[in-house]
$ cat upload20.csv   # CSV, C-alpha atoms
chain,number,residue,atom,x,y,z
A,126,MET,CA,7.4,-70.7,-16.6
A,127,SER,CA,10.9,-71.3,-15.3
A,128,SER,CA,12.6,-68.8,-13.1
A,129,GLY,CA,15.1,-68.1,-15.8
A,130,ASP,CA,12.5,-66.5,-18.0
A,131,ARG,CA,12.0,-63.3,-16.2
A,132,ALA,CA,13.0,-60.0,-17.5
A,133,PRO,CA,13.8,-61.0,-21.0
A,134,GLY,CA,15.7,-58.3,-22.8
A,135,SER,CA,16.9,-56.5,-19.7
A,136,SER,CA,20.4,-57.7,-20.5
A,137,ASP,CA,20.1,-57.0,-24.1
A,138,ARG,CA,19.0,-53.4,-24.5
A,139,GLU,CA,20.7,-52.8,-27.9
A,140,ALA,CA,19.0,-55.8,-29.5
A,141,GLU,CA,15.7,-54.7,-28.1
A,142,LEU,CA,16.1,-51.2,-29.5
A,143,GLU,CA,17.0,-52.6,-32.8
A,144,LEU,CA,13.8,-54.6,-32.9
A,145,PHE,CA,11.8,-51.6,-32.2
A,146,ARG,CA,13.5,-49.6,-34.8
A,147,ARG,CA,12.6,-52.3,-37.4
A,148,LEU,CA,9.0,-52.6,-36.1
A,149,PRO,CA,7.3,-50.0,-38.3
A,150,ASP,CA,8.6,-51.7,-41.5
A,151,ASP,CA,8.6,-55.3,-40.6
A,152,PRO,CA,5.4,-56.9,-39.2
A,153,SER,CA,7.2,-60.1,-38.2
A,154,VAL,CA,9.1,-58.1,-35.6
A,155,ARG,CA,5.9,-57.7,-33.7
A,156,ASP,CA,5.5,-61.4,-33.4
A,157,GLU,CA,9.1,-61.8,-32.4
A,158,LEU,CA,8.6,-59.2,-29.6
A,159,VAL,CA,5.5,-61.0,-28.5
A,160,ARG,CA,7.4,-64.2,-28.3
A,161,MET,CA,10.2,-62.6,-26.3
A,162,PHE,CA,8.0,-60.9,-23.8
A,163,LEU,CA,5.1,-63.4,-23.5
A,164,PRO,CA,6.8,-65.0,-20.5
A,165,LEU,CA,6.7,-61.6,-18.7
A,166,ALA,CA,2.9,-61.4,-19.5
A,167,GLU,CA,2.4,-64.9,-18.2
A,168,TYR,CA,4.4,-64.2,-15.1
A,169,LEU,CA,2.4,-61.1,-14.3
A,170,ALA,CA,-0.9,-62.9,-15.0
A,171,ARG,CA,0.1,-65.5,-12.6
A,172,ARG,CA,0.6,-62.9,-9.9
A,173,PHE,CA,-3.1,-62.2,-10.2
A,174,ASP,CA,-4.2,-65.8,-10.2
A,175,ARG,CA,-6.5,-67.2,-7.5
A,176,ARG,CA,-8.6,-64.2,-7.4
A,177,GLY,CA,-11.5,-66.1,-9.0
A,178,GLU,CA,-10.6,-65.6,-12.6
A,179,PRO,CA,-9.4,-68.5,-14.8
A,180,LEU,CA,-5.7,-68.2,-15.4
A,181,ASP,CA,-6.2,-68.5,-19.1
A,182,ASP,CA,-8.4,-65.4,-19.1
A,183,LEU,CA,-5.7,-63.6,-17.2
A,184,VAL,CA,-3.0,-64.5,-19.6
A,185,GLN,CA,-5.3,-63.3,-22.4
A,186,VAL,CA,-5.7,-60.0,-20.7
A,187,ALA,CA,-2.0,-59.7,-20.0
A,188,SER,CA,-1.2,-60.5,-23.6
A,189,LEU,CA,-3.5,-57.8,-24.7
A,190,GLY,CA,-1.6,-55.5,-22.4
A,191,LEU,CA,1.7,-56.6,-24.0
A,192,LEU,CA,0.4,-55.9,-27.5
A,193,ASN,CA,-0.7,-52.4,-26.4
A,194,ALA,CA,2.7,-51.9,-24.9
A,195,ILE,CA,4.5,-52.9,-28.1
A,196,ASP,CA,2.3,-50.6,-30.1
A,197,ARG,CA,2.7,-47.7,-27.8
A,198,PHE,CA,6.3,-48.0,-26.8
A,199,ASP,CA,8.2,-44.8,-27.5
A,200,LEU,CA,11.8,-45.3,-28.4
A,201,SER,CA,12.7,-41.8,-27.7
A,202,ARG,CA,12.0,-42.2,-24.0
A,203,ASP,CA,15.0,-43.8,-22.4
A,204,VAL,CA,13.0,-46.6,-20.7
A,205,GLN,CA,13.5,-50.3,-21.0
A,206,PHE,CA,10.7,-51.9,-22.9
A,207,SER,CA,10.3,-54.6,-20.2
A,208,THR,CA,9.6,-51.9,-17.6
A,209,TYR,CA,7.1,-50.2,-19.8
A,210,ALA,CA,5.5,-53.5,-20.7
A,211,ALA,CA,5.2,-54.6,-17.1
A,212,VAL,CA,3.4,-51.4,-16.1
A,213,THR,CA,1.1,-51.6,-19.1
A,214,ILE,CA,0.3,-55.3,-18.5
A,215,VAL,CA,-0.4,-54.8,-14.8
A,216,GLY,CA,-2.6,-51.8,-15.7
A,217,GLU,CA,-4.6,-54.0,-18.0
A,218,LEU,CA,-5.0,-56.8,-15.4
A,219,LYS,CA,-6.2,-54.3,-12.8
A,220,ARG,CA,-8.6,-52.8,-15.2
A,221,HIS,CA,-9.9,-56.2,-15.9
A,222,PHE,CA,-10.6,-56.9,-12.3
A,223,ARG,CA,-12.0,-53.5,-11.7
A,224,ASP,CA,-14.5,-53.8,-14.5
A,225,LYS,CA,-15.5,-57.2,-13.4
A,226,GLY,CA,-15.6,-56.3,-9.8
A,227,TRP,CA,-17.8,-53.3,-10.5
A,228,ALA,CA,-20.3,-55.3,-12.4
A,229,ILE,CA,-20.5,-58.0,-9.7
A,230,ARG,CA,-20.3,-56.2,-6.4
A,231,VAL,CA,-21.9,-52.8,-6.7
A,232,PRO,CA,-25.7,-52.8,-6.6
A,233,ARG,CA,-27.2,-51.7,-9.9
A,234,ARG,CA,-28.9,-48.7,-8.3
A,235,LEU,CA,-25.5,-47.4,-7.1
A,236,GLN,CA,-23.9,-48.0,-10.4
A,237,GLU,CA,-26.6,-45.9,-12.0
A,238,VAL,CA,-26.2,-43.1,-9.5
A,239,GLY,CA,-22.4,-43.3,-9.9
A,240,LEU,CA,-22.7,-42.9,-13.7
A,241,ARG,CA,-25.1,-40.0,-13.4
A,242,VAL,CA,-22.9,-38.3,-10.8
A,243,ASN,CA,-20.1,-38.7,-13.2
A,244,ALA,CA,-22.1,-37.2,-16.0
A,245,VAL,CA,-23.5,-34.2,-14.3
A,246,LEU,CA,-20.4,-33.3,-12.3
A,247,PRO,CA,-18.4,-31.4,-14.9
A,248,GLU,CA,-21.4,-29.3,-16.1
A,249,LEU,CA,-22.4,-28.5,-12.5
A,250,ALA,CA,-18.9,-27.4,-11.6
A,251,GLN,CA,-18.9,-25.3,-14.7
A,252,GLU,CA,-22.2,-23.8,-13.8
A,253,LEU,CA,-21.3,-23.0,-10.3
A,254,GLY,CA,-17.7,-22.0,-10.9
A,255,ARG,CA,-16.7,-24.2,-8.0
A,256,SER,CA,-16.9,-27.8,-6.8
A,257,PRO,CA,-20.5,-28.6,-6.0
A,258,SER,CA,-21.8,-29.8,-2.6
A,259,ILE,CA,-23.2,-33.3,-2.3
A,260,ASP,CA,-26.7,-31.9,-2.0
A,261,GLU,CA,-26.3,-29.9,-5.3
A,262,LEU,CA,-25.0,-33.1,-7.0
A,263,ALA,CA,-27.8,-35.1,-5.6
A,264,VAL,CA,-30.5,-32.8,-7.0
A,265,LYS,CA,-28.8,-32.8,-10.4
A,266,ALA,CA,-28.3,-36.5,-10.4
A,267,GLU,CA,-31.9,-37.1,-9.2
A,268,ALA,CA,-30.7,-39.2,-6.3
A,269,SER,CA,-30.6,-38.7,-2.5
A,270,PRO,CA,-27.4,-37.3,-1.0
A,271,GLU,CA,-26.9,-40.7,0.7
A,272,GLU,CA,-27.0,-42.5,-2.6
A,273,VAL,CA,-24.5,-40.0,-4.0
A,274,LEU,CA,-22.1,-40.6,-1.1
A,275,ASP,CA,-22.6,-44.4,-1.3
A,276,ALA,CA,-21.9,-44.4,-5.0
A,277,ILE,CA,-18.7,-42.4,-4.5
A,278,GLU,CA,-17.6,-44.7,-1.7
A,279,ALA,CA,-18.3,-47.7,-3.8
A,280,VAL,CA,-16.0,-46.5,-6.5
A,281,GLN,CA,-13.4,-45.7,-3.8
A,282,ALA,CA,-13.7,-49.2,-2.4
A,283,TYR,CA,-12.5,-50.5,-5.7
A,284,SER,CA,-9.2,-48.7,-5.5
A,285,THR,CA,-8.5,-50.4,-2.2
A,286,THR,CA,-9.1,-54.0,-3.2
A,287,PRO,CA,-6.1,-56.3,-3.0
A,288,LEU,CA,-5.6,-55.8,-6.7
A,289,ASP,CA,-3.4,-52.8,-5.9
A,290,THR,CA,-1.0,-55.0,-4.1
A,291,PRO,CA,2.4,-54.0,-5.4
A,292,LEU,CA,4.0,-56.6,-7.5
A,293,GLY,CA,7.1,-56.3,-5.5
A,294,ASP,CA,5.7,-57.9,-2.4
A,295,HIS,CA,7.9,-60.9,-2.8
A,296,GLY,CA,10.9,-58.8,-3.5
A,297,SER,CA,11.9,-60.4,-6.7
A,298,ALA,CA,9.1,-59.7,-9.1
A,299,PRO,CA,10.2,-58.4,-12.5
A,300,ILE,CA,8.7,-55.0,-11.9
A,301,ASP,CA,10.8,-54.7,-8.8
A,302,VAL,CA,14.0,-55.2,-10.6
A,303,LEU,CA,13.0,-53.4,-13.7
A,304,GLY,CA,11.4,-50.4,-12.1
A,305,ALA,CA,14.5,-49.7,-10.1
A,306,GLU,CA,16.7,-49.7,-13.2
A,307,ASP,CA,15.2,-46.8,-14.9
A,308,PRO,CA,16.6,-43.6,-13.7
A,309,SER,CA,15.4,-41.9,-16.8
A,310,LEU,CA,11.7,-42.0,-16.2
A,311,GLU,CA,10.5,-38.5,-15.8
A,312,ILE,CA,10.1,-37.8,-12.1
A,313,LEU,CA,8.8,-35.0,-10.2
A,314,ASP,CA,11.7,-32.8,-9.1
A,315,GLU,CA,9.9,-31.7,-6.0
A,316,TRP,CA,9.9,-35.3,-4.8
A,317,ALA,CA,13.4,-36.3,-5.8
A,318,SER,CA,13.8,-38.0,-2.5
A,319,VAL,CA,11.1,-40.5,-3.2
A,320,GLY,CA,12.3,-40.9,-6.8
A,321,PRO,CA,12.5,-44.7,-6.8
A,322,ALA,CA,8.9,-45.0,-5.6
A,323,LEU,CA,7.7,-42.5,-8.2
A,324,GLN,CA,9.4,-44.3,-11.0
A,325,ARG,CA,7.2,-47.3,-10.4
A,326,LEU,CA,4.1,-45.2,-11.1
A,327,SER,CA,2.7,-45.0,-14.6
A,328,GLU,CA,3.1,-41.8,-16.4
A,329,ARG,CA,-0.5,-41.0,-15.9
A,330,GLU,CA,-0.3,-41.6,-12.2
A,331,ARG,CA,2.6,-39.2,-11.9
A,332,ARG,CA,0.8,-36.7,-13.9
A,333,VAL,CA,-2.3,-36.8,-11.7
A,334,LEU,CA,-0.1,-36.6,-8.6
A,335,HIS,CA,1.7,-33.6,-10.0
A,336,LEU,CA,-1.5,-31.8,-11.0
A,337,ARG,CA,-3.1,-32.4,-7.7
A,338,PHE,CA,-0.2,-31.7,-5.3
A,339,PHE,CA,2.1,-29.4,-7.2
A,340,ARG,CA,-0.3,-27.5,-9.4
A,341,GLY,CA,-3.0,-27.6,-6.8
A,342,LEU,CA,-5.8,-28.6,-9.2
A,343,THR,CA,-8.9,-30.2,-7.8
A,344,GLN,CA,-9.9,-33.7,-8.9
A,345,SER,CA,-12.6,-32.3,-11.2
A,346,GLU,CA,-10.1,-30.0,-12.9
A,347,ILE,CA,-7.6,-32.8,-13.3
A,348,ALA,CA,-10.4,-35.0,-14.8
A,349,GLU,CA,-11.1,-32.3,-17.3
A,350,GLN,CA,-7.5,-31.8,-18.1
A,351,ILE,CA,-6.6,-35.4,-18.8
A,352,GLY,CA,-10.0,-36.4,-20.2
A,353,VAL,CA,-11.2,-39.0,-17.8
A,354,SER,CA,-14.0,-38.9,-15.2
A,355,GLN,CA,-13.5,-37.4,-11.8
A,356,MET,CA,-14.2,-40.8,-10.3
A,357,HIS,CA,-11.4,-42.2,-12.3
A,358,VAL,CA,-9.1,-39.5,-11.1
A,359,SER,CA,-10.2,-40.3,-7.6
A,360,ARG,CA,-9.3,-44.0,-8.1
A,361,ILE,CA,-5.9,-43.1,-9.6
A,362,LEU,CA,-5.1,-40.8,-6.7
A,363,SER,CA,-6.0,-43.2,-4.0
A,364,GLN,CA,-4.2,-46.1,-5.7
A,365,THR,CA,-1.1,-44.0,-6.3
A,366,LEU,CA,-1.0,-42.7,-2.7
A,367,ARG,CA,-1.3,-46.3,-1.5
A,368,THR,CA,1.5,-47.4,-3.7
A,369,LEU,CA,3.8,-44.6,-2.6
A,370,ARG,CA,2.9,-45.2,1.0
A,371,GLU,CA,4.0,-48.8,0.7
A,372,GLU,CA,7.1,-48.0,-1.3
A,373,VAL,CA,8.2,-45.0,0.8
A,374,GLY,CA,6.9,-46.0,4.1
A,375,GLY,CA,9.1,-49.0,4.6
A,376,ASP,CA,8.0,-50.1,8.0
A,377,ASP,CA,4.8,-48.2,8.0
A,378,ALA,CA,3.4,-50.0,5.1
A,379,ILE,CA,0.1,-51.5,6.0
A,380,PRO,CA,-1.7,-54.5,4.6
A,381,GLU,CA,-4.3,-53.8,2.0
A,382,ALA,CA,-7.6,-52.6,3.3
A,383,GLU,CA,-10.4,-55.0,2.6
A,384,PRO,CA,-13.2,-53.1,1.0
A,385,ARG,CA,-16.8,-53.5,1.9
A,386,GLY,CA,-18.1,-57.0,2.0
A,387,SER,CA,-16.2,-60.2,2.1
A,388,ARG,CA,-13.5,-61.0,-0.5
A,389,THR,CA,-14.0,-64.7,-0.1
A,390,GLU,CA,-16.2,-65.1,-3.2
A,391,PRO,CA,-15.0,-62.9,-5.9
A,392,ARG,CA,-17.5,-64.3,-8.3
B,120,MET,CA,-15.3,-16.8,14.6
B,121,GLU,CA,-16.1,-19.9,16.7
B,122,THR,CA,-19.7,-20.9,16.1
B,123,PRO,CA,-22.0,-22.3,18.7
B,124,ARG,CA,-22.2,-25.5,16.6
B,125,SER,CA,-19.8,-28.0,18.1
B,126,ASP,CA,-21.4,-31.4,18.2
B,127,LEU,CA,-18.9,-34.1,18.5
B,128,ILE,CA,-19.3,-37.3,16.5
B,129,SER,CA,-17.1,-40.2,17.4
B,130,VAL,CA,-16.6,-43.5,15.7
B,131,SER,CA,-14.3,-46.2,16.9
B,132,VAL,CA,-13.2,-49.3,14.9
B,133,PRO,CA,-10.8,-52.1,15.5
B,134,SER,CA,-7.3,-50.9,14.6
B,135,ARG,CA,-7.1,-52.8,11.4
B,136,ALA,CA,-6.8,-51.5,7.8
B,137,GLU,CA,-9.9,-53.2,6.7
B,138,TYR,CA,-12.0,-50.9,8.9
B,139,VAL,CA,-10.6,-47.7,7.6
B,140,HIS,CA,-13.3,-47.4,5.0
B,141,VAL,CA,-15.8,-47.0,7.8
B,142,LEU,CA,-14.0,-43.9,9.0
B,143,ARG,CA,-13.7,-42.6,5.5
B,144,ALA,CA,-17.4,-43.0,4.8
B,145,VAL,CA,-18.4,-41.3,8.1
B,146,THR,CA,-16.1,-38.4,7.4
B,147,ALA,CA,-17.6,-38.0,3.9
B,148,SER,CA,-21.1,-38.2,5.2
B,149,VAL,CA,-20.6,-35.6,8.0
B,150,ALA,CA,-18.6,-33.3,5.6
B,151,SER,CA,-21.3,-33.4,3.0
B,152,ARG,CA,-23.7,-31.8,5.5
B,153,ILE,CA,-21.6,-28.8,6.5
B,154,PRO,CA,-21.2,-28.7,3.4
B,155,VAL,CA,-17.7,-29.3,2.3
B,156,SER,CA,-17.5,-29.4,-1.5
B,157,PHE,CA,-17.4,-32.6,-3.5
B,158,ASP,CA,-13.7,-32.1,-4.2
B,159,GLY,CA,-13.1,-31.2,-0.6
B,160,ILE,CA,-14.7,-34.4,0.5
B,161,GLU,CA,-12.6,-36.4,-1.9
B,162,ASP,CA,-9.5,-34.8,-0.4
B,163,LEU,CA,-10.7,-35.5,3.1
B,164,ARG,CA,-11.2,-39.1,2.3
B,165,LEU,CA,-7.7,-39.4,1.1
B,166,ALA,CA,-6.4,-37.5,4.1
B,167,VAL,CA,-8.3,-39.8,6.6
B,168,ASP,CA,-6.9,-42.7,4.7
B,169,GLU,CA,-3.4,-41.4,5.0
B,170,ALA,CA,-3.8,-40.4,8.6
B,171,CYS,CA,-5.1,-43.9,9.5
B,172,ALA,CA,-2.3,-45.6,7.6
B,173,ARG,CA,0.2,-43.5,9.6
B,174,LEU,CA,-1.3,-44.4,12.9
B,175,LEU,CA,-1.8,-48.1,12.0
B,176,ALA,CA,1.9,-48.3,11.3
B,177,LEU,CA,2.4,-47.7,15.1
B,178,ARG,CA,-0.1,-50.2,16.2
B,179,SER,CA,2.0,-52.1,18.6
B,180,GLY,CA,-0.5,-53.3,21.2
B,181,SER,CA,-3.3,-51.1,19.8
B,182,THR,CA,-6.9,-52.2,19.7
B,183,ARG,CA,-8.9,-49.2,18.5
B,184,LEU,CA,-8.7,-46.6,15.9
B,185,THR,CA,-11.0,-43.7,16.8
B,186,LEU,CA,-12.2,-40.8,14.6
B,187,THR,CA,-13.7,-37.8,16.2
B,188,LEU,CA,-15.5,-35.2,14.0
B,189,ARG,CA,-16.4,-31.7,14.9
B,190,PRO,CA,-18.6,-30.1,12.3
B,191,LEU,CA,-18.4,-26.3,12.5
B,192,SER,CA,-20.2,-23.9,10.3
B,193,ASP,CA,-17.0,-22.9,8.5
B,194,ARG,CA,-15.0,-26.1,8.6
B,195,LEU,CA,-14.8,-29.8,9.6
B,196,GLU,CA,-12.3,-30.9,12.2
B,197,ALA,CA,-11.3,-34.5,12.3
B,198,VAL,CA,-9.1,-36.2,14.7
B,199,VAL,CA,-7.8,-39.8,14.3
B,200,THR,CA,-6.4,-41.5,17.3
B,201,ILE,CA,-4.9,-44.9,18.0
B,202,ASP,CA,-4.5,-46.4,21.4
B,203,ALA,CA,-0.9,-47.4,20.7
B,204,VAL,CA,2.4,-46.5,22.1
B,205,ALA,CA,4.4,-44.8,19.4
B,206,LYS,CA,7.7,-46.4,18.6
B,207,GLY,CA,10.2,-43.6,19.2
B,208,ASP,CA,9.1,-40.0,19.3
B,209,TRP,CA,5.7,-38.8,18.3
B,210,PRO,CA,5.5,-36.7,16.3
B,211,PRO,CA,8.4,-38.3,14.6
B,212,PRO,CA,11.3,-35.9,14.2
B,213,GLY,CA,11.6,-34.5,10.6
B,214,ILE,CA,8.0,-35.5,9.9
B,215,GLU,CA,7.5,-32.3,7.9
B,216,GLU,CA,9.9,-33.7,5.3
B,217,THR,CA,8.0,-36.9,4.7
B,218,LEU,CA,5.8,-37.6,1.8
B,219,GLY,CA,2.9,-38.4,4.0
B,220,TRP,CA,3.0,-35.1,5.7
B,221,ARG,CA,3.2,-33.2,2.4
B,222,LEU,CA,0.3,-35.1,1.2
B,223,LEU,CA,-1.7,-34.4,4.3
B,224,SER,CA,-0.9,-30.7,4.2
B,225,ALA,CA,-1.9,-30.5,0.5
B,226,LEU,CA,-5.2,-32.3,1.1
B,227,VAL,CA,-6.5,-30.4,4.1
B,228,ASP,CA,-6.1,-26.9,5.5
B,229,THR,CA,-4.3,-27.7,8.7
B,230,VAL,CA,-2.6,-30.8,10.1
B,231,THR,CA,-1.4,-31.2,13.7
B,232,LEU,CA,0.1,-34.1,15.5
B,233,THR,CA,-0.4,-34.6,19.2
B,234,GLU,CA,0.3,-37.3,21.7
B,235,GLY,CA,-2.6,-38.9,23.6
B,236,PRO,CA,-4.1,-40.0,25.8
B,237,PRO,CA,-5.0,-42.5,24.6
B,238,GLY,CA,-2.2,-42.3,22.1
B,239,PRO,CA,-0.8,-40.6,19.0
B,240,SER,CA,-3.3,-38.4,17.2
B,241,ILE,CA,-3.5,-36.6,13.9
B,242,HIS,CA,-5.8,-33.6,13.6
B,243,LEU,CA,-7.1,-32.5,10.3
B,244,SER,CA,-9.2,-29.5,9.4
B,245,LYS,CA,-11.0,-28.8,6.1
B,246,ARG,CA,-12.7,-25.6,5.2
B,247,ALA,CA,-16.4,-25.6,4.3
B,248,LEU,CA,-17.6,-24.7,0.9
B,249,ASP,CA,-18.2,-21.0,0.6
B,250,PRO,CA,-20.9,-20.7,-2.0
B,251,THR,CA,-19.9,-17.1,-2.7
B,252,LEU,CA,-16.4,-18.0,-3.9
B,253,PRO,CA,-15.2,-19.8,-7.0
B,254,SER,CA,-13.4,-23.0,-6.2
B,255,SER,CA,-9.8,-22.6,-5.4

$ encode --input "upload20.csv" --output "structure tokens"
Amino acid sequence: MSSGDRAPGSSDREAELELFRRLPDDPSVRDELVRMFLPLAEYLARRFDRRGEPLDDLVQVASLGLLNAIDRFDLSRDVQFSTYAAVTIVGELKRHFRDKGWAIRVPRRLQEVGLRVNAVLPELAQELGRSPSIDELAVKAEASPEEVLDAIEAVQAYSTTPLDTPLGDHGSAPIDVLGAEDPSLEILDEWASVGPALQRLSERERRVLHLRFFRGLTQSEIAEQIGVSQMHVSRILSQTLRTLREEVGGDDAIPEAEPRGSRTEPR
Amino acid sequence: METPRSDLISVSVPSRAEYVHVLRAVTASVASRIPVSFDGIEDLRLAVDEACARLLALRSGSTRLTLTLRPLSDRLEAVVTIDAVAKGDWPPPGIEETLGWRLLSALVDTVTLTEGPPGPSIHLSKRALDPTLPSS
């Protein structure tokens, strides 16, 4: 892709909006949007290249993200489509790696324990009226406390893989440019001072952050409220904090932590 | 209020981000035995992560990042220290206004910053699970 391809549409907001207005009635518009923004998907896929996945597969995944973005884009939110698409596509790419990574690198026994912990956690919390201890979880999940801790840590390790590297690390990635141009994304008033960083988070990331730090909900409560597992909330939180740290920290940004094991053979 | 239990557990790793997971895991393991609740442990993990990131940012000339845990019957105290010389003041002026500080104070019950030896330290403390109370 040539360098001139990036951020299609960013200079042409009206035309973009017009296309989306026609989208519900005119199926050909969808194809046109795909054509317009495919270079963005390819660009983002390339950013994830050389992590052991064939580029073609990554482009596929990114394109899927683009389709989702087209279908879910909400005109009433005053956000540029390219911003929204970039976030969605990157999310799709990360999920792809996370799913793969999980299957490859976490021993089966731990996967099983992890799944069981996930399954029993809500009901146990309900039963006890509080967050359970690891011992209580272990009994319920029929595993040792060590296994429960290992399973949780294994999940955590995924949130710290280099996949979370912000796209902006070369300074000129589309998301950098686009993310900064959207003053309208709903941000947390309380953290107005870190607004630009928050705007780069997805809506769900901001929601989790808000629930945890401003509403004071526990991870389990957040999980229940947004309908995902506690472990997923945990992943979202640690990834979000890392992103914010890098964005806000300026000179205190640190390189990505390498999770357990070596990253030299992703397959 | 102080209990007789005050065993100290200390773990030291090279001051590089890729070892922070060791400190997280040890914290979780010790916390689980007090016990700190599942959610509390998750918070502690994030807090240790954040504290380490803060300290690693200072790492001019540092070699070790050290975590000291003090399990008490009603809480876990954790101190992360780096053997670095802080650039500028430590604690940095206006730190209470920073995002990192707010995160830390939301994640644990108390946060204190002190200066060595051997270097800048962040002290965290997290209450133990009280089985008689509903989660807060």

$ closest_residue --input "upload20.csv" --among "A:Glu328, A:Glu278, A:Asp260, A:Asp182" --to "B:Val141" --atoms "only C-alpha atoms"
A:Glu278

$ atom_distance --input "upload20.csv" --atom1 "atom CA of A:Arg160" --atom2 "atom CA of A:Arg325"
24.6 Å

$ interface_residues --input "upload20.csv" --of "chain B" --to "chain A" --cutoff "7 Å" --atoms "all atoms listed in the file" --output "number ranges by chain"
B: 136-137, 140, 144, 148, 151, 154-158, 165, 172-173, 176, 225, 253-254

$ atom_distance --input "upload20.csv" --atom1 "atom CA of B:Thr146" --atom2 "atom CA of B:Glu216"
26.5 Å

$ residues_around --input "upload20.csv" --residues "stretch 126-134 of chain B" --least-positions-apart "3" --cutoff "7 Å" --atoms "all atoms listed in the file" --output "PyMOL selection string"
chain B and resi 138+175+181-190

$ atom_distance --input "upload20.csv" --atom1 "atom CA of A:His335" --atom2 "atom CA of A:Val215"
21.8 Å

$ residues_around --input "upload20.csv" --residues "B:Thr231" --least-positions-apart "5" --cutoff "8 Å" --atoms "all atoms listed in the file" --output "count of residues only"
3

$ closest_residue --input "upload20.csv" --among "A:Gly239, A:Gln364, A:Phe162, A:Glu139" --to "A:Tyr209" --atoms "only C-alpha atoms"
A:Phe162

$ closest_residue --input "upload20.csv" --among "A:Ala276, A:Leu169, A:Leu180, A:Leu200" --to "A:Arg138" --atoms "all atoms listed in the file"
A:Leu200

$ closest_residue --input "upload20.csv" --among "A:Val154, A:Ala268, A:Ala140, A:Leu218" --to "A:Glu167" --atoms "all atoms listed in the file"
A:Leu218
